[in-house]
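Q: Mind looking over this structure? Questions follow.
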2 protein chains.
Amino acid sequence: MKNLILASTSTLHGQDYLEYLIPELKKHFSGCSEIVFIPFARPGGISHDEYTSLAQKAFEKAGLRVKGLHEFKNAATAVSQAEGIFTGGGNTFLLVKQLYDHELIVPLKNAISNGTPYLGTSAGTNIGGLTMKTTNDMPIVYPPSFNTLGFVPFNINPHYLDPDPNSTHKGETRETRIKEFHQFNTPPVVGLREGSWLEVKGENITLKGKLTARIFEAGQEPYEVEPETSLNDLS
Amino acid sequence: MKNLILASTSTLHGQDYLEYLIPELKKHFSGCSEIVFIPFARPGGISHDEYTSLAQKAFEKAGLRVKGLHEFKNAATAVSQAEGIFTGGGNTFLLVKQLYDHELIVPLKNAISNGTPYLGTSAGTNIGGLTMKTTNDMPIVYPPSFNTLGFVPFNINPHYLDPDPNSTHKGETRETRIKEFHQFNTPPVVGLREGSWLEVKGENITLKGKLTARIFEAGQEPYEVEPETSLNDLS
């Protein structure tokens, strides 16, 4: 049975890395001793080792050890044999390119479909959707495809940001960008605000956290859904 | 002799479309009667016809007619025979995909290298750089390559935005994104603020407008350059 937490962000303003999620992690990864961490998105260009140390410090608070995927000889085997998997945020283009380059897409799909508990934050959440076409990231490398893992039958926009009514900047708002996405793509998009996450248990998808999420469906006005709303029918 | 204006944005806050650039356009396209407009980036998903009408209204103020590239039977021939070319903003992924799909990369390179005056705004400016890897846009479609026209020997980040010191949002700042770009790419990046443009005359590249630009070189601290600075040595 699928068992995923797909979180908008790793970190809330004024908090430590993963701090707000620690109580969830204890439950989510109960029975696990070591989590395989996928550090490939490398936020701000930090090294895989540095990023893994950061994850280790947070997971210690939940009584869990972390080992970076880059430390294993065979990454595909490591994914297949993992007790639990966490993919951290950073750059989604980089993450997806690395997953394809290391031929990890199929092993990840299989492991997570078979019930290996998965946590994603930001870029690690983007890849839980059908495609990475609603990432906010800069295309710093060219991945062989924008198709991702598809554990939910829609796309996710993490770090969803409401338009700033006082802004004089002419760059597109997030809502405009997602509207452009829907000119060429039909899947719904869940705009997940920082502090929100999706809980996927088997076929049940539920919005968690304290905030509403903004749902974009092609050809419809966007709308808000409350925490604890089931998104099972969104596809 | 190359003759380009690469502008950060089409529109300034509180102004009409292209308003601040009209005096430049008169000079830039002097001797032209009809400009070929490339509407492929489709901002907000508007149609090619709607977008061309918008451009037409602005160019009328400079005494120029506009014809949308989508109105020609053979787009490559239209580009080759154009008196002047304007590529408008919108989504850079969409623009670049369309340029490749219509086999327009080489005709555009040839026409502009041979002196056809070119104006780009936003996405139309991104494609003047070496690659589109420093666009701000959402990857709503998958282009066959991120390589672009390379009329300047660096990359451009249009709509450059300084970090907001009051923000509590945890999405990456523009500077962080460009730093991530430089983990994997060596070309400099010119962060071009709204209201600034690059003037390319032959081999001479000059920053224009009233604002400084922010220059990012791999492995160096970013720095500001004043209007009228020559960027000939940036590569």
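Residue numbering restarts at 1 for every chain of the structure tokens, chains are lettered A, B, ... in their displayed order, and ligands are numbered from 1 as they appear.
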Pull out every residue of chain B that has at least one atom within 10 Å of chain A, counting only C-alpha atoms, and report them as a short mmCIF file (atom, residue, chain, number, x, y, z; two decimals) with all heavy atoms, in the first residue's frame.
A:
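The result, stored in selection-v1.cif:
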```cif
data_model
loop_
_atom_site.label_atom_id
_atom_site.label_comp_id
_atom_site.auth_asym_id
_atom_site.auth_seq_id
_atom_site.Cartn_x
_atom_site.Cartn_y
_atom_site.Cartn_z
N SER B 8 14.50 43.66 -20.56
CA SER B 8 14.07 42.83 -19.45
C SER B 8 12.58 42.55 -19.49
O SER B 8 12.13 41.43 -19.24
CB SER B 8 14.43 43.53 -18.13
OG SER B 8 13.96 42.81 -17.02
N THR B 9 11.82 43.59 -19.79
CA THR B 9 10.35 43.46 -19.75
C THR B 9 9.74 44.28 -20.87
O THR B 9 10.33 45.25 -21.34
CB THR B 9 9.80 43.93 -18.38
OG1 THR B 9 8.38 43.69 -18.32
CG2 THR B 9 10.02 45.43 -18.15
N SER B 10 8.54 43.90 -21.29
CA SER B 10 7.80 44.69 -22.28
C SER B 10 7.16 45.90 -21.64
O SER B 10 6.94 46.92 -22.29
CB SER B 10 6.70 43.83 -22.90
OG SER B 10 5.78 43.43 -21.90
N THR B 11 6.82 45.77 -20.37
CA THR B 11 5.89 46.72 -19.74
C THR B 11 6.40 47.11 -18.37
O THR B 11 6.80 46.24 -17.59
CB THR B 11 4.50 46.05 -19.59
OG1 THR B 11 4.18 45.37 -20.80
CG2 THR B 11 3.43 47.09 -19.29
N LEU B 12 6.35 48.40 -18.07
CA LEU B 12 6.67 48.86 -16.73
C LEU B 12 5.38 49.10 -15.96
O LEU B 12 4.34 49.40 -16.55
CB LEU B 12 7.50 50.14 -16.78
CG LEU B 12 8.91 49.97 -17.35
CD1 LEU B 12 9.64 51.31 -17.40
CD2 LEU B 12 9.71 48.96 -16.53
N HIS B 13 5.47 48.97 -14.64
CA HIS B 13 4.31 49.15 -13.77
C HIS B 13 3.62 50.49 -14.07
O HIS B 13 4.27 51.53 -14.09
CB HIS B 13 4.77 49.12 -12.31
CG HIS B 13 3.64 49.30 -11.34
ND1 HIS B 13 2.66 48.36 -11.16
CD2 HIS B 13 3.36 50.32 -10.50
CE1 HIS B 13 1.81 48.78 -10.25
NE2 HIS B 13 2.20 49.96 -9.82
N GLY B 14 2.32 50.45 -14.32
CA GLY B 14 1.54 51.66 -14.54
C GLY B 14 1.64 52.23 -15.95
O GLY B 14 1.10 53.29 -16.23
N ALA B 41 5.41 32.84 -27.54
CA ALA B 41 5.52 32.66 -26.08
C ALA B 41 4.16 32.81 -25.37
O ALA B 41 4.01 32.37 -24.23
CB ALA B 41 6.52 33.64 -25.48
N ARG B 42 3.19 33.42 -26.06
CA ARG B 42 1.79 33.47 -25.60
C ARG B 42 1.59 33.74 -24.11
O ARG B 42 1.13 32.85 -23.39
CB ARG B 42 1.07 32.16 -25.99
CG ARG B 42 0.96 31.93 -27.47
CD ARG B 42 0.21 30.67 -27.79
NE ARG B 42 -1.13 30.66 -27.19
CZ ARG B 42 -1.92 29.61 -27.12
NH1 ARG B 42 -1.53 28.46 -27.61
NH2 ARG B 42 -3.10 29.71 -26.55
N PRO B 43 1.88 34.94 -23.65
CA PRO B 43 1.74 35.22 -22.21
C PRO B 43 0.31 34.99 -21.74
O PRO B 43 -0.64 35.43 -22.37
CB PRO B 43 2.13 36.69 -22.09
CG PRO B 43 1.92 37.25 -23.46
CD PRO B 43 2.25 36.13 -24.41
N GLY B 44 0.18 34.30 -20.61
CA GLY B 44 -1.15 34.04 -20.05
C GLY B 44 -2.03 33.18 -20.94
O GLY B 44 -3.23 33.09 -20.72
N GLY B 45 -1.41 32.57 -21.96
CA GLY B 45 -2.17 31.68 -22.83
C GLY B 45 -3.00 32.38 -23.90
O GLY B 45 -3.84 31.75 -24.54
N ILE B 46 -2.78 33.69 -24.13
CA ILE B 46 -3.57 34.37 -25.17
C ILE B 46 -3.23 33.84 -26.55
O ILE B 46 -2.16 33.23 -26.75
CB ILE B 46 -3.38 35.92 -25.12
CG1 ILE B 46 -1.95 36.33 -25.48
CG2 ILE B 46 -3.79 36.48 -23.77
CD1 ILE B 46 -1.77 37.83 -25.65
N GLY B 90 6.47 35.98 -22.53
CA GLY B 90 5.48 34.93 -22.21
C GLY B 90 6.24 33.79 -21.58
O GLY B 90 7.04 34.00 -20.69
N ASN B 91 6.02 32.58 -22.12
CA ASN B 91 6.69 31.41 -21.56
C ASN B 91 7.87 31.00 -22.45
O ASN B 91 7.69 30.67 -23.62
CB ASN B 91 5.70 30.27 -21.39
CG ASN B 91 6.32 29.10 -20.68
OD1 ASN B 91 7.15 28.39 -21.26
ND2 ASN B 91 5.97 28.91 -19.43
N PHE B 93 9.84 28.33 -22.34
CA PHE B 93 9.83 26.92 -22.77
C PHE B 93 8.97 26.75 -24.02
O PHE B 93 9.35 26.07 -24.97
CB PHE B 93 9.29 26.02 -21.65
CG PHE B 93 10.21 25.92 -20.47
CD1 PHE B 93 10.16 26.86 -19.45
CD2 PHE B 93 11.15 24.91 -20.39
CE1 PHE B 93 11.01 26.79 -18.36
CE2 PHE B 93 12.02 24.84 -19.30
CZ PHE B 93 11.95 25.78 -18.29
N LEU B 94 7.82 27.40 -23.98
CA LEU B 94 6.92 27.34 -25.13
C LEU B 94 7.55 28.00 -26.36
O LEU B 94 7.52 27.44 -27.47
CB LEU B 94 5.61 28.04 -24.74
CG LEU B 94 4.51 28.09 -25.76
CD1 LEU B 94 4.15 26.69 -26.24
CD2 LEU B 94 3.27 28.78 -25.16
N SER B 122 11.72 40.07 -22.40
CA SER B 122 11.48 38.94 -21.49
C SER B 122 11.89 37.61 -22.15
O SER B 122 13.07 37.41 -22.41
CB SER B 122 10.02 38.97 -21.06
OG SER B 122 9.80 38.11 -19.98
N THR B 131 21.87 30.12 -23.58
CA THR B 131 20.87 29.09 -23.29
C THR B 131 19.70 29.73 -22.56
O THR B 131 19.79 30.86 -22.08
CB THR B 131 21.42 27.95 -22.38
OG1 THR B 131 21.55 28.44 -21.04
CG2 THR B 131 22.76 27.43 -22.87
N MET B 132 18.61 28.97 -22.46
CA MET B 132 17.44 29.44 -21.70
C MET B 132 17.48 28.96 -20.25
O MET B 132 16.46 29.00 -19.56
CB MET B 132 16.14 28.99 -22.38
CG MET B 132 16.02 27.50 -22.58
SD MET B 132 14.33 26.98 -22.98
CE MET B 132 13.53 27.19 -21.38
N LYS B 133 18.66 28.54 -19.80
CA LYS B 133 18.75 27.93 -18.48
C LYS B 133 18.61 28.91 -17.32
O LYS B 133 18.65 28.50 -16.16
CB LYS B 133 20.09 27.18 -18.34
CG LYS B 133 20.15 25.91 -19.19
CD LYS B 133 21.48 25.20 -18.98
CE LYS B 133 21.55 23.93 -19.80
NZ LYS B 133 22.89 23.29 -19.68
N THR B 134 18.50 30.21 -17.62
CA THR B 134 18.28 31.18 -16.54
C THR B 134 16.95 31.92 -16.73
O THR B 134 16.78 33.04 -16.26
CB THR B 134 19.44 32.19 -16.44
OG1 THR B 134 19.69 32.73 -17.75
CG2 THR B 134 20.70 31.50 -15.94
N THR B 135 16.01 31.25 -17.38
CA THR B 135 14.64 31.79 -17.44
C THR B 135 13.97 31.63 -16.07
O THR B 135 14.33 30.76 -15.29
CB THR B 135 13.79 31.07 -18.50
OG1 THR B 135 12.45 31.60 -18.45
CG2 THR B 135 13.69 29.57 -18.24
N ASN B 136 12.96 32.46 -15.82
CA ASN B 136 12.15 32.34 -14.61
C ASN B 136 10.88 31.52 -14.84
O ASN B 136 10.07 31.38 -13.92
CB ASN B 136 11.72 33.74 -14.13
CG ASN B 136 12.88 34.69 -14.05
OD1 ASN B 136 13.89 34.37 -13.43
ND2 ASN B 136 12.77 35.85 -14.68
N ASP B 137 10.69 31.05 -16.06
CA ASP B 137 9.38 30.52 -16.43
C ASP B 137 9.17 29.08 -15.99
O ASP B 137 10.11 28.37 -15.64
CB ASP B 137 9.18 30.65 -17.94
CG ASP B 137 9.10 32.11 -18.35
OD1 ASP B 137 8.73 32.94 -17.50
OD2 ASP B 137 9.44 32.41 -19.50
N MET B 138 7.91 28.69 -16.02
CA MET B 138 7.50 27.35 -15.63
C MET B 138 7.64 26.43 -16.85
O MET B 138 7.24 26.81 -17.95
CB MET B 138 6.05 27.42 -15.14
CG MET B 138 5.59 26.23 -14.36
SD MET B 138 3.94 26.52 -13.63
CE MET B 138 4.38 26.88 -11.93
N PRO B 139 8.17 25.21 -16.64
CA PRO B 139 8.43 24.31 -17.78
C PRO B 139 7.19 23.60 -18.29
O PRO B 139 7.10 22.38 -18.24
CB PRO B 139 9.46 23.34 -17.19
CG PRO B 139 9.11 23.27 -15.74
CD PRO B 139 8.64 24.66 -15.36
N ILE B 140 6.25 24.36 -18.84
CA ILE B 140 4.93 23.82 -19.18
C ILE B 140 4.96 22.91 -20.41
O ILE B 140 4.03 22.13 -20.62
CB ILE B 140 3.90 24.96 -19.39
CG1 ILE B 140 4.34 25.89 -20.53
CG2 ILE B 140 3.74 25.76 -18.09
CD1 ILE B 140 3.29 26.94 -20.90
N VAL B 141 6.00 23.02 -21.22
CA VAL B 141 6.21 22.09 -22.35
C VAL B 141 7.69 21.74 -22.38
O VAL B 141 8.53 22.45 -21.81
CB VAL B 141 5.78 22.70 -23.71
CG1 VAL B 141 4.28 22.95 -23.77
CG2 VAL B 141 6.56 23.96 -24.02
N TYR B 142 8.03 20.64 -23.08
CA TYR B 142 9.40 20.12 -23.09
C TYR B 142 10.07 20.46 -24.43
O TYR B 142 9.76 19.85 -25.44
CB TYR B 142 9.36 18.60 -22.89
CG TYR B 142 10.71 17.94 -22.76
CD1 TYR B 142 11.48 18.12 -21.63
CD2 TYR B 142 11.20 17.11 -23.77
CE1 TYR B 142 12.72 17.50 -21.49
CE2 TYR B 142 12.44 16.48 -23.64
CZ TYR B 142 13.19 16.68 -22.50
OH TYR B 142 14.41 16.07 -22.37
N PRO B 143 10.96 21.43 -24.43
CA PRO B 143 11.63 21.76 -25.70
C PRO B 143 12.73 20.75 -26.01
O PRO B 143 13.26 20.12 -25.08
CB PRO B 143 12.24 23.14 -25.44
CG PRO B 143 12.22 23.35 -23.97
CD PRO B 143 11.44 22.26 -23.32
N PRO B 144 13.11 20.58 -27.28
CA PRO B 144 14.13 19.59 -27.63
C PRO B 144 15.53 19.98 -27.17
O PRO B 144 16.45 19.15 -27.23
CB PRO B 144 14.06 19.50 -29.15
CG PRO B 144 13.40 20.74 -29.59
CD PRO B 144 12.51 21.20 -28.47
N SER B 145 15.73 21.20 -26.74
CA SER B 145 17.03 21.65 -26.25
C SER B 145 16.81 22.93 -25.47
O SER B 145 15.83 23.64 -25.68
CB SER B 145 17.97 21.92 -27.44
OG SER B 145 19.13 22.61 -27.03
N PHE B 146 17.74 23.24 -24.56
CA PHE B 146 17.72 24.54 -23.87
C PHE B 146 18.66 25.54 -24.55
O PHE B 146 18.77 26.68 -24.10
CB PHE B 146 18.14 24.37 -22.40
CG PHE B 146 17.11 23.74 -21.50
CD1 PHE B 146 17.47 23.27 -20.23
CD2 PHE B 146 15.77 23.63 -21.88
CE1 PHE B 146 16.52 22.71 -19.38
CE2 PHE B 146 14.83 23.06 -21.03
CZ PHE B 146 15.21 22.60 -19.78
N ASN B 147 19.35 25.12 -25.61
CA ASN B 147 20.26 26.05 -26.31
C ASN B 147 19.46 27.07 -27.11
O ASN B 147 18.49 26.74 -27.77
CB ASN B 147 21.20 25.29 -27.24
CG ASN B 147 22.17 24.42 -26.47
OD1 ASN B 147 22.51 24.73 -25.33
ND2 ASN B 147 22.61 23.33 -27.08
N PRO B 158 16.03 37.91 -17.26
CA PRO B 158 15.14 39.08 -17.33
C PRO B 158 14.30 39.19 -16.05
O PRO B 158 14.26 38.25 -15.26
CB PRO B 158 14.24 38.78 -18.52
CG PRO B 158 14.66 37.48 -19.08
CD PRO B 158 15.53 36.80 -18.09
N HIS B 159 13.63 40.30 -15.89
CA HIS B 159 12.80 40.55 -14.69
C HIS B 159 13.62 40.29 -13.42
O HIS B 159 13.10 39.76 -12.45
CB HIS B 159 11.56 39.64 -14.66
CG HIS B 159 10.63 39.81 -15.83
ND1 HIS B 159 9.75 40.85 -15.94
CD2 HIS B 159 10.45 39.06 -16.95
CE1 HIS B 159 9.06 40.72 -17.07
NE2 HIS B 159 9.47 39.64 -17.70
N TYR B 160 14.91 40.64 -13.47
CA TYR B 160 15.74 40.34 -12.30
C TYR B 160 15.13 41.01 -11.06
O TYR B 160 14.71 42.17 -11.10
CB TYR B 160 17.20 40.79 -12.46
CG TYR B 160 17.98 40.39 -11.23
CD1 TYR B 160 18.33 39.08 -11.02
CD2 TYR B 160 18.27 41.32 -10.23
CE1 TYR B 160 18.97 38.68 -9.86
CE2 TYR B 160 18.91 40.93 -9.06
CZ TYR B 160 19.26 39.60 -8.88
OH TYR B 160 19.87 39.22 -7.73
N LEU B 161 15.10 40.25 -9.97
CA LEU B 161 14.39 40.66 -8.77
C LEU B 161 15.32 40.52 -7.58
O LEU B 161 15.87 39.46 -7.33
CB LEU B 161 13.19 39.72 -8.60
CG LEU B 161 12.03 40.12 -7.70
CD1 LEU B 161 11.44 41.45 -8.12
CD2 LEU B 161 10.97 39.04 -7.75
N SER B 167 10.56 39.04 3.35
CA SER B 167 9.83 37.85 2.97
C SER B 167 10.00 36.73 3.98
O SER B 167 11.09 36.52 4.51
CB SER B 167 10.31 37.35 1.60
OG SER B 167 9.69 36.12 1.30
N THR B 168 8.92 36.00 4.25
CA THR B 168 9.00 34.80 5.09
C THR B 168 8.89 33.54 4.22
O THR B 168 8.88 32.43 4.73
CB THR B 168 7.86 34.78 6.13
OG1 THR B 168 6.61 34.80 5.42
CG2 THR B 168 7.92 35.98 7.04
N HIS B 169 8.80 33.73 2.89
CA HIS B 169 8.64 32.61 1.96
C HIS B 169 9.96 31.88 1.83
O HIS B 169 11.03 32.49 1.81
CB HIS B 169 8.18 33.16 0.61
CG HIS B 169 7.79 32.09 -0.37
ND1 HIS B 169 6.64 31.36 -0.23
CD2 HIS B 169 8.38 31.65 -1.50
CE1 HIS B 169 6.55 30.50 -1.23
NE2 HIS B 169 7.60 30.66 -2.02
N LYS B 170 9.90 30.54 1.74
CA LYS B 170 11.13 29.75 1.72
C LYS B 170 11.52 29.31 0.31
O LYS B 170 12.49 28.56 0.16
CB LYS B 170 10.98 28.51 2.61
CG LYS B 170 10.65 28.84 4.07
CD LYS B 170 11.69 29.71 4.75
CE LYS B 170 12.93 28.91 5.12
NZ LYS B 170 13.87 29.73 5.94
N GLY B 171 10.77 29.72 -0.71
CA GLY B 171 11.22 29.45 -2.08
C GLY B 171 12.54 30.17 -2.32
O GLY B 171 12.85 31.16 -1.64
N GLU B 172 13.34 29.68 -3.27
CA GLU B 172 14.66 30.24 -3.51
C GLU B 172 14.59 31.68 -4.01
O GLU B 172 13.71 32.03 -4.81
CB GLU B 172 15.43 29.42 -4.56
CG GLU B 172 15.81 28.04 -4.14
CD GLU B 172 14.70 27.02 -4.40
OE1 GLU B 172 13.56 27.42 -4.72
OE2 GLU B 172 14.99 25.82 -4.25
N THR B 173 15.53 32.54 -3.57
CA THR B 173 15.65 33.87 -4.17
C THR B 173 16.26 33.70 -5.56
O THR B 173 16.85 32.67 -5.90
CB THR B 173 16.58 34.78 -3.36
OG1 THR B 173 17.91 34.23 -3.41
CG2 THR B 173 16.12 34.89 -1.92
N ARG B 174 16.12 34.75 -6.38
CA ARG B 174 16.70 34.71 -7.72
C ARG B 174 18.21 34.49 -7.66
O ARG B 174 18.79 33.72 -8.44
CB ARG B 174 16.38 36.02 -8.45
CG ARG B 174 16.58 36.00 -9.94
CD ARG B 174 15.63 35.08 -10.65
NE ARG B 174 14.24 35.42 -10.44
CZ ARG B 174 13.60 36.39 -11.09
NH1 ARG B 174 14.22 37.12 -11.99
NH2 ARG B 174 12.33 36.64 -10.84
N GLU B 175 18.86 35.16 -6.70
CA GLU B 175 20.31 35.02 -6.57
C GLU B 175 20.70 33.58 -6.25
O GLU B 175 21.67 33.05 -6.81
CB GLU B 175 20.82 35.99 -5.49
CG GLU B 175 22.32 36.03 -5.41
CD GLU B 175 22.86 37.34 -4.81
OE1 GLU B 175 22.29 38.42 -5.06
OE2 GLU B 175 23.86 37.26 -4.09
N THR B 176 19.93 32.92 -5.39
CA THR B 176 20.21 31.51 -5.07
C THR B 176 20.06 30.64 -6.31
O THR B 176 20.87 29.75 -6.57
CB THR B 176 19.24 31.02 -3.96
OG1 THR B 176 19.47 31.79 -2.80
CG2 THR B 176 19.45 29.55 -3.66
N ARG B 177 19.04 30.92 -7.11
CA ARG B 177 18.82 30.13 -8.32
C ARG B 177 19.99 30.27 -9.29
O ARG B 177 20.44 29.29 -9.89
CB ARG B 177 17.52 30.57 -9.01
CG ARG B 177 16.27 30.30 -8.18
CD ARG B 177 15.02 30.83 -8.88
NE ARG B 177 13.87 30.82 -7.98
CZ ARG B 177 13.12 29.76 -7.71
NH1 ARG B 177 13.38 28.61 -8.28
NH2 ARG B 177 12.10 29.84 -6.89
N ILE B 178 20.48 31.49 -9.43
CA ILE B 178 21.59 31.72 -10.37
C ILE B 178 22.88 31.09 -9.82
O ILE B 178 23.69 30.55 -10.57
CB ILE B 178 21.74 33.22 -10.67
CG1 ILE B 178 20.48 33.72 -11.40
CG2 ILE B 178 22.99 33.50 -11.51
CD1 ILE B 178 20.38 35.22 -11.59
N LYS B 179 23.02 31.11 -8.51
CA LYS B 179 24.15 30.41 -7.89
C LYS B 179 24.08 28.90 -8.21
O LYS B 179 25.10 28.26 -8.51
CB LYS B 179 24.12 30.65 -6.37
CG LYS B 179 25.29 30.06 -5.62
CD LYS B 179 25.19 30.37 -4.12
CE LYS B 179 26.16 29.51 -3.32
NZ LYS B 179 25.91 29.61 -1.87
N GLU B 180 22.89 28.33 -8.14
CA GLU B 180 22.72 26.91 -8.49
C GLU B 180 23.09 26.68 -9.97
O GLU B 180 23.74 25.69 -10.30
CB GLU B 180 21.28 26.45 -8.23
CG GLU B 180 20.95 26.37 -6.74
CD GLU B 180 19.49 26.02 -6.44
OE1 GLU B 180 18.67 25.96 -7.37
OE2 GLU B 180 19.17 25.83 -5.25
N PHE B 181 22.68 27.61 -10.84
CA PHE B 181 23.06 27.52 -12.27
C PHE B 181 24.57 27.41 -12.42
O PHE B 181 25.08 26.60 -13.21
CB PHE B 181 22.53 28.77 -13.00
CG PHE B 181 23.08 28.96 -14.39
CD1 PHE B 181 22.55 28.26 -15.47
CD2 PHE B 181 24.11 29.85 -14.63
CE1 PHE B 181 23.05 28.44 -16.76
CE2 PHE B 181 24.62 30.04 -15.91
CZ PHE B 181 24.09 29.33 -16.98
N HIS B 182 25.30 28.20 -11.63
CA HIS B 182 26.76 28.22 -11.76
C HIS B 182 27.46 27.00 -11.14
O HIS B 182 28.66 26.83 -11.32
CB HIS B 182 27.33 29.52 -11.18
CG HIS B 182 27.31 30.63 -12.19
ND1 HIS B 182 27.07 31.93 -11.87
CD2 HIS B 182 27.50 30.61 -13.54
CE1 HIS B 182 27.10 32.67 -12.97
NE2 HIS B 182 27.36 31.90 -13.99
N GLN B 183 26.71 26.15 -10.48
CA GLN B 183 27.29 24.86 -10.08
C GLN B 183 27.49 23.95 -11.28
O GLN B 183 28.29 23.01 -11.23
CB GLN B 183 26.36 24.17 -9.08
CG GLN B 183 26.29 24.84 -7.73
CD GLN B 183 27.54 24.62 -6.89
OE1 GLN B 183 28.15 23.56 -6.95
NE2 GLN B 183 27.94 25.64 -6.15
N PHE B 184 26.78 24.22 -12.35
CA PHE B 184 26.78 23.29 -13.50
C PHE B 184 27.06 23.97 -14.83
O PHE B 184 27.10 23.31 -15.86
CB PHE B 184 25.43 22.56 -13.58
CG PHE B 184 25.14 21.77 -12.35
CD1 PHE B 184 24.40 22.31 -11.32
CD2 PHE B 184 25.69 20.50 -12.19
CE1 PHE B 184 24.17 21.59 -10.16
CE2 PHE B 184 25.47 19.79 -11.04
CZ PHE B 184 24.70 20.33 -10.00
N ASN B 185 27.21 25.30 -14.81
CA ASN B 185 27.39 26.05 -16.06
C ASN B 185 28.38 27.18 -15.80
O ASN B 185 28.34 27.81 -14.75
CB ASN B 185 26.06 26.65 -16.52
CG ASN B 185 24.96 25.61 -16.69
OD1 ASN B 185 24.83 25.01 -17.74
ND2 ASN B 185 24.16 25.39 -15.64
N ARG B 193 17.21 44.19 -14.66
CA ARG B 193 16.01 44.64 -13.95
C ARG B 193 15.00 45.25 -14.93
O ARG B 193 15.36 45.72 -16.01
CB ARG B 193 16.39 45.66 -12.87
CG ARG B 193 17.24 45.03 -11.75
CD ARG B 193 17.52 46.02 -10.62
NE ARG B 193 18.25 45.37 -9.53
CZ ARG B 193 19.57 45.28 -9.46
NH1 ARG B 193 20.34 45.81 -10.40
NH2 ARG B 193 20.15 44.65 -8.44
N GLU B 194 13.75 45.26 -14.52
CA GLU B 194 12.67 45.80 -15.37
C GLU B 194 12.92 47.28 -15.65
O GLU B 194 13.03 48.08 -14.71
CB GLU B 194 11.32 45.59 -14.69
CG GLU B 194 10.97 44.10 -14.58
CD GLU B 194 9.62 43.85 -13.92
OE1 GLU B 194 9.04 44.78 -13.35
OE2 GLU B 194 9.15 42.69 -13.98
#
```
Q: Applying 12 Å and only C-alpha atoms, which residues near Leu6 of chain B remain after dropping the ones on its own chain fewer than 5 positions away? List them as JSON, numbers by chain.
A: {"B": [21, 24, 25, 28, 85, 86, 87, 88, 89, 117, 118, 119, 120, 121, 122, 123, 124, 125, 126, 127, 128, 129, 150, 151, 152, 155, 156, 157, 158, 159, 190, 192, 193, 194, 195, 196, 197, 198, 199, 200, 201, 205, 206, 207, 208, 209]}
Q: Name all residues at most 8 Å from Ile35 of chain B (count only C-alpha atoms; drop same-chain ones fewer than 6 positions away) and give them as a list in words.
A: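 The residues that qualify are Leu64, Arg65, Val66, Lys67, Ala82, Glu83, Gly84, Ile85 and Phe86 of chain B.
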Q: Quote the spacing between atom CA of Leu69 of chain B and atom CA of Phe40 of chain B in Å to one decimal place.
A: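 So the answer is 8.6 Å.
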Q: Which of chain B end up as helix (DSSP H, G or I) when DSSP is run on this backbone - answer as a VMD selection string?
A: chain B and resid 19 to 28 43 to 45 48 to 60 69 to 71 75 to 81 92 to 101 105 to 113 123 to 126 174 to 181
Q: When you draw a straight line from atom CA of Thr212 of chain A to atom CA of Pro165 of chain B, how long is it in Å?
A: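 Spanning atom CA of Thr212 of chain A to atom CA of Pro165 of chain B is a straight-line distance of 25.8 Å.
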Q: Atom CA of Leu149 of chain B to atom CA of Ile105 of chain B: how many Å, to one decimal?
A: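 Atom CA of Leu149 of chain B sits 6.9 Å away from atom CA of Ile105 of chain B.
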Q: Tell me, as a list in words, which residues lie within 10 Å of Asn110 of chain A, counting only C-alpha atoms; anything in the same chain fewer than 6 positions away does not count.
A: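 These residues fall inside the cut-off: Val79, Ser80, Leu104, Thr116 and Leu149 of chain A.
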Q: Just write the chosen residues, N, CA and C atoms, as a PDB file, in the first residue's frame.
A:
```
ATOM      1  N   VAL A  79      17.731   1.796  -3.273  1.00  0.00           N
ATOM      2  CA  VAL A  79      16.324   2.227  -3.297  1.00  0.00           C
ATOM      3  C   VAL A  79      15.409   1.020  -3.090  1.00  0.00           C
ATOM      4  N   SER A  80      15.704  -0.060  -3.776  1.00  0.00           N
ATOM      5  CA  SER A  80      14.846  -1.244  -3.703  1.00  0.00           C
ATOM      6  C   SER A  80      14.827  -1.839  -2.302  1.00  0.00           C
ATOM      7  N   LEU A 104      16.938   5.489 -11.843  1.00  0.00           N
ATOM      8  CA  LEU A 104      16.260   5.272 -10.572  1.00  0.00           C
ATOM      9  C   LEU A 104      14.743   5.433 -10.650  1.00  0.00           C
ATOM     10  N   THR A 116       7.073   1.057   0.532  1.00  0.00           N
ATOM     11  CA  THR A 116       8.175   1.731   1.231  1.00  0.00           C
ATOM     12  C   THR A 116       7.741   3.156   1.561  1.00  0.00           C
ATOM     13  N   LEU A 149       7.180  10.619 -11.123  1.00  0.00           N
ATOM     14  CA  LEU A 149       6.789   9.314 -10.581  1.00  0.00           C
ATOM     15  C   LEU A 149       5.279   9.055 -10.597  1.00  0.00           C
TER      16      LEU A 149
END
```
Q: Set the distance at 9 Å and use only C-alpha atoms: which residues neighbour Glu103 of chain A once local chain neighbours fewer than 5 positions away are removed? I'd like the list as number ranges by chain.
A: A: 75-76, 98
Q: What lies within 12 Å of Gly63 of chain B using only C-alpha atoms, ignoring chain neighbours under 3 positions off, as a ChimeraX atom specification?
A: /B:22-23,25-27,29-35,56-60,66
Q: Please provide the set of residues having any atom within 6 Å of Ile215 of chain A, restricted to only C-alpha atoms, with same-chain residues fewer than 3 positions apart removed, written as a list in words.
A: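 Everything that qualifies: Val189, Val190, Pro222 and Tyr223 of chain A.
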Q: Just list as a list in words whatever in segment 104-207 of chain B DSSP marks as strand (DSSP E).
A: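 Selecting the strand (DSSP E) positions of segment 104-207 of chain B gives Tyr118, Leu119, Gly120, Thr121, Asn155, Ile156, Asn157, Val189, Val190, Gly191, Trp197, Leu198, Glu199, Val200, Lys201, Asn204, Ile205, Thr206 and Leu207 of chain B.
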